[in-house]
Protein chains: 2
Amino acid sequence: MRPKPLSGFPEFLPNGRIVEQAVLDSLRQTFELHGFASVETRAVETMDALTRKGDITKEVYVVRRLHADPAGAASGDDLGLHFDLTVPFARYVQENAGHLAFPFRRYQIQKVWRGERPQEGRYREFCQADIDIVGENTLAAHHDIEVAVVMLEALERLHTEFGLPPVVMHVNNRKLAEGFYRGLGVEDHMAVLQRVDKLDKIGPDAVRALLVDELGMSGEAADKCLALATIQSADTSFVERVRALGVEHPLLEEGLVSLAEVVTAAAAAVPGRLVADLKIARGLDYYTGTVYETEMAGFESLGSICSGGRYDALATDGKRTWPGVGISVGVTRILAPLIARGQLVASRSVPTCVLVAVDAEETRGAALGVAAQLRARGIPTEVAPKADKFGKQIRYADRRGIPYVWFSDGSVKDIRSGEQVAADPTIWTPPAADLLPGVGRQA
Amino acid sequence: MRPKPLSGFPEFLPNGRIVEQAVLDSLRQTFELHGFASVETRAVETMDALTRKGDITKEVYVVRRLHADPAGAASGDDLGLHFDLTVPFARYVQENAGHLAFPFRRYQIQKVWRGERPQEGRYREFCQADIDIVGENTLAAHHDIEVAVVMLEALERLHTEFGLPPVVMHVNNRKLAEGFYRGLGVEDHMAVLQRVDKLDKIGPDAVRALLVDELGMSGEAADKCLALATIQSADTSFVERVRALGVEHPLLEEGLVSLAEVVTAAAAAVPGRLVADLKIARGLDYYTGTVYETEMAGFESLGSICSGGRYDALATDGKRTWPGVGISVGVTRILAPLIARGQLVASRSVPTCVLVAVDAEETRGAALGVAAQLRARGIPTEVAPKADKFGKQIRYADRRGIPYVWFSDGSVKDIRSGEQVAADPTIWTPPAADLLPGVGRQA
């Protein structure tokens, strides 16, 4: 009986896994080029740490030893699988603060788990890649620019190297919206923000009704909130459009300046990939300044594939506070649909570049010797598992996408072109493009 | 309040994590050079799949949605975290057999979890690196040699490149022992094997007593079993020593030939790293031929750091059977003590090779430009987070181990030697040894 896949726990076949590895390697390389250090945290946190954010508890997977007391209800001491990489990182920073040098720049690429009901397109296990910069007590504003630029560089590289769709990052600043609402005389700015955040889902008329009916705003004020939310620009022209709405507040001014700086710097570093978008709110998350969301062209229905923002306090121990700014990309969310549809594939399903043929079991030793010589120069090589005829050996390679077969007469054949040449295993080198599996977009 | 580490869930500081990454990268590279494809499976399996091996159930972590029905006792449909990578791989092979090309060679580097009681030196989460070769219905004997040689090459590389202690792999063959016991007239060879397996723990006299008292063996037969278990050789001389015991059985002969082949091939490929050791049994695991255990010099008290063997049936669906042979190395088990004692360290705690200094915030743009030029040539570079004096910038680099600081006057300083030279960011390249963090042994 064949085991069935578990809904929400995607696994890749070897070809898809090579795609995933290439993408993860590329992300890692970009992050390290920018001096981000890797952190890997344990899979579990205490339920106390995981449930500090109120309503997220419903999505947590609780973890218990099989023979732990089964009667006890879940308590704060129990363990749960982490549902993001921010909660574990905040705990890691606080636990190890004495051993870290601040500002601390880290990337973290790991699985996260959410105890969702099984449902189309919902993952219960998926891979995220996060970058964050965390300061001790203070963190300069230019890091808000930096994390956006680093992540956009990383995503741009996935686009140019592997043909992933291009992305556009939408950026806003919570201070801008808060200042605007305060300038309109609103006290509870979060209440406005939460309603405006529903714009894409329920439309402007319904949001206007909520603002007027539930919050008692004037029609004119509600219209201004809606007008603010429609402003979007790839340059700093958004500033004038906001000012034209005639609302004034010091916090609004602060947000405008800060957002303009991000837009200007990003336009220089990664042209065309970042826009100011004044409707971005990031819902209930506790961001306090810049916020980021990202759409992938042609995959808008996935929602934001890469989000984040600035926290005034990623962590605090009463005495010290660690402000942070970070962005997280949903690697599985991007890759799983592309791989499942066969749109993103590896040129072969194995690392192997050369298969050394074996004519007869007595000559396996000679084949092993050739393989060792090739590997010594970094060429991934397998020896045929079974002595067999020419045609069978070619078929073995072909089924796996291995491009070259090495024969005992001292020749190597490119099985795609059929070209066969005499070669010396201490010298012969494949074309650079064949050394490792290639990864690319299929139309 | 500072969060406390969870016992049994080791986490590394950034320096230790760089060590771990270097080791994992090296293992991956060796495995891929030999044509092993990466597989990554989900963290969870059904409890049914996890508990098929009887007595392992006590170590399983059960995973449940927080709001799942709390009354229900653990059932077969429940999920648990995998405690090794063999059970998930067997399930993956069976689930995807139609899409895999056999013999299928895979490596898998992932965390595993064991619901142990907290206890010194016991990990509840740790990283394993496995290689396996799996056939459909048949699998040639030479793969038993291959997985040993590949793993020994991988471990040898950790020794020569990073200074990890050298290892010796101890190999036996279950057929050899079974044939020997049958040749002595014993029916229940597993009963003998399980008792002889206690040799290191309880000593020869106690084992002899068990064989005689519990299994009713003659003193002479028991002595022969003990004599067999003491035989060890780095060459094929063990064959004659076994024959000198005067026991005969076709299965014994088969085991001797097979083990001699492994020893001969390994002595050629990785001299001095593999011995035939006829006491190796691998306890209750369901191996059916070659078995492997590995000791790390100076860390014998860790037990075997790398074990495995051959299964006649890694998986079966009634019609087809998938025999396999594989070895698993306990990465955390090796690294955690070395890193904790400061014996294995990275030359710096960040990937960064160059820090570009910032004299004044107005010149940050110029510093970013220099950094971009260096990164474009693959040099990991950070820009100073704060405009500051010369000395402070040096200190920032020094605290992280960053070897070079780039100044706005177009000079670069090696802060270890103090040497400072004029340099062009489009040309200057650090010595190869400085480009990435080095990893090595500290006396």
# chains A, B, ... in the order shown; residues from 1 in each chain; ligands from 1
>>> interface_residues(of="chain B", to="chain A", cutoff="6 Å", atoms="only C-alpha atoms", output="PyMOL selection string")
chain B and resi 1-3+32-35+37+60-66+95+115+317+350-352+380-382
>>> select_by_dssp(residues="region 295-361 of chain B", states="strand (DSSP E)", output="number ranges by chain")
B: 295-296, 306-316, 321-330, 344-346, 354-356
>>> select_by_dssp(residues="region 91-213 of chain A", states="helix (DSSP H, G or I)", output="PyMOL selection string")
chain A and resi 91-99+142-162+174-183+189-196+199-213
>>> closest_residue(among="A:Tyr404, A:Gly309, A:Arg273, A:Val345", to="Ser328 (chain A)", atoms="only C-alpha atoms")
A:Gly309
>>> residues_around(residues="Val87 (chain A)", least_positions_apart="3", cutoff="10 Å", atoms="only C-alpha atoms", output="PDB file with N, CA and C atoms, in the first residue's frame")
ATOM      1  N   GLU A  45       9.768  26.260  20.713  1.00  0.00           N
ATOM      2  CA  GLU A  45       9.818  27.300  21.733  1.00  0.00           C
ATOM      3  C   GLU A  45       8.836  26.899  22.829  1.00  0.00           C
ATOM      4  N   ALA A  49       6.301  31.552  25.099  1.00  0.00           N
ATOM      5  CA  ALA A  49       6.915  32.452  24.121  1.00  0.00           C
ATOM      6  C   ALA A  49       6.066  32.537  22.860  1.00  0.00           C
ATOM      7  N   LEU A  50       5.466  31.403  22.478  1.00  0.00           N
ATOM      8  CA  LEU A  50       4.725  31.366  21.213  1.00  0.00           C
ATOM      9  C   LEU A  50       3.372  32.053  21.306  1.00  0.00           C
ATOM     10  N   THR A  51       2.798  32.096  22.506  1.00  0.00           N
ATOM     11  CA  THR A  51       1.428  32.594  22.624  1.00  0.00           C
ATOM     12  C   THR A  51       1.379  34.025  23.128  1.00  0.00           C
ATOM     13  N   ARG A  52       2.537  34.663  23.207  1.00  0.00           N
ATOM     14  CA  ARG A  52       2.538  36.043  23.694  1.00  0.00           C
ATOM     15  C   ARG A  52       1.745  36.962  22.762  1.00  0.00           C
ATOM     16  N   LYS A  53       1.635  36.539  21.493  1.00  0.00           N
ATOM     17  CA  LYS A  53       0.928  37.376  20.513  1.00  0.00           C
ATOM     18  C   LYS A  53      -0.544  37.007  20.406  1.00  0.00           C
ATOM     19  N   HIS A  82       7.863  26.382  16.230  1.00  0.00           N
ATOM     20  CA  HIS A  82       7.786  27.813  15.911  1.00  0.00           C
ATOM     21  C   HIS A  82       6.997  28.035  14.621  1.00  0.00           C
ATOM     22  N   PHE A  83       6.205  29.120  14.606  1.00  0.00           N
ATOM     23  CA  PHE A  83       5.353  29.413  13.442  1.00  0.00           C
ATOM     24  C   PHE A  83       5.957  30.508  12.581  1.00  0.00           C
ATOM     25  N   ASP A  84       7.050  31.100  13.051  1.00  0.00           N
ATOM     26  CA  ASP A  84       7.795  32.053  12.240  1.00  0.00           C
ATOM     27  C   ASP A  84       9.228  32.030  12.762  1.00  0.00           C
ATOM     28  N   ALA A  90      14.004  36.660  18.392  1.00  0.00           N
ATOM     29  CA  ALA A  90      13.902  37.596  19.512  1.00  0.00           C
ATOM     30  C   ALA A  90      14.370  36.904  20.800  1.00  0.00           C
ATOM     31  N   ARG A  91      13.956  35.669  20.985  1.00  0.00           N
ATOM     32  CA  ARG A  91      14.376  34.910  22.175  1.00  0.00           C
ATOM     33  C   ARG A  91      15.882  34.663  22.147  1.00  0.00           C
ATOM     34  N   TYR A  92      16.419  34.317  20.972  1.00  0.00           N
ATOM     35  CA  TYR A  92      17.864  34.065  20.807  1.00  0.00           C
ATOM     36  C   TYR A  92      18.674  35.315  21.143  1.00  0.00           C
ATOM     37  N   LEU A 314      12.070  44.567  19.218  1.00  0.00           N
ATOM     38  CA  LEU A 314      11.994  43.157  18.853  1.00  0.00           C
ATOM     39  C   LEU A 314      11.978  42.334  20.135  1.00  0.00           C
ATOM     40  N   ALA A 315      12.783  42.782  21.103  1.00  0.00           N
ATOM     41  CA  ALA A 315      12.833  42.116  22.404  1.00  0.00           C
ATOM     42  C   ALA A 315      13.168  43.164  23.448  1.00  0.00           C
TER      43      ALA A 315
END
>>> atom_distance(atom1="CA of Ala366 (chain A)", atom2="CA of Glu146 (chain B)")
14.6 Å
>>> atom_distance(atom1="CA of Leu155 (chain B)", atom2="CA of Asp130 (chain B)")
12.6 Å
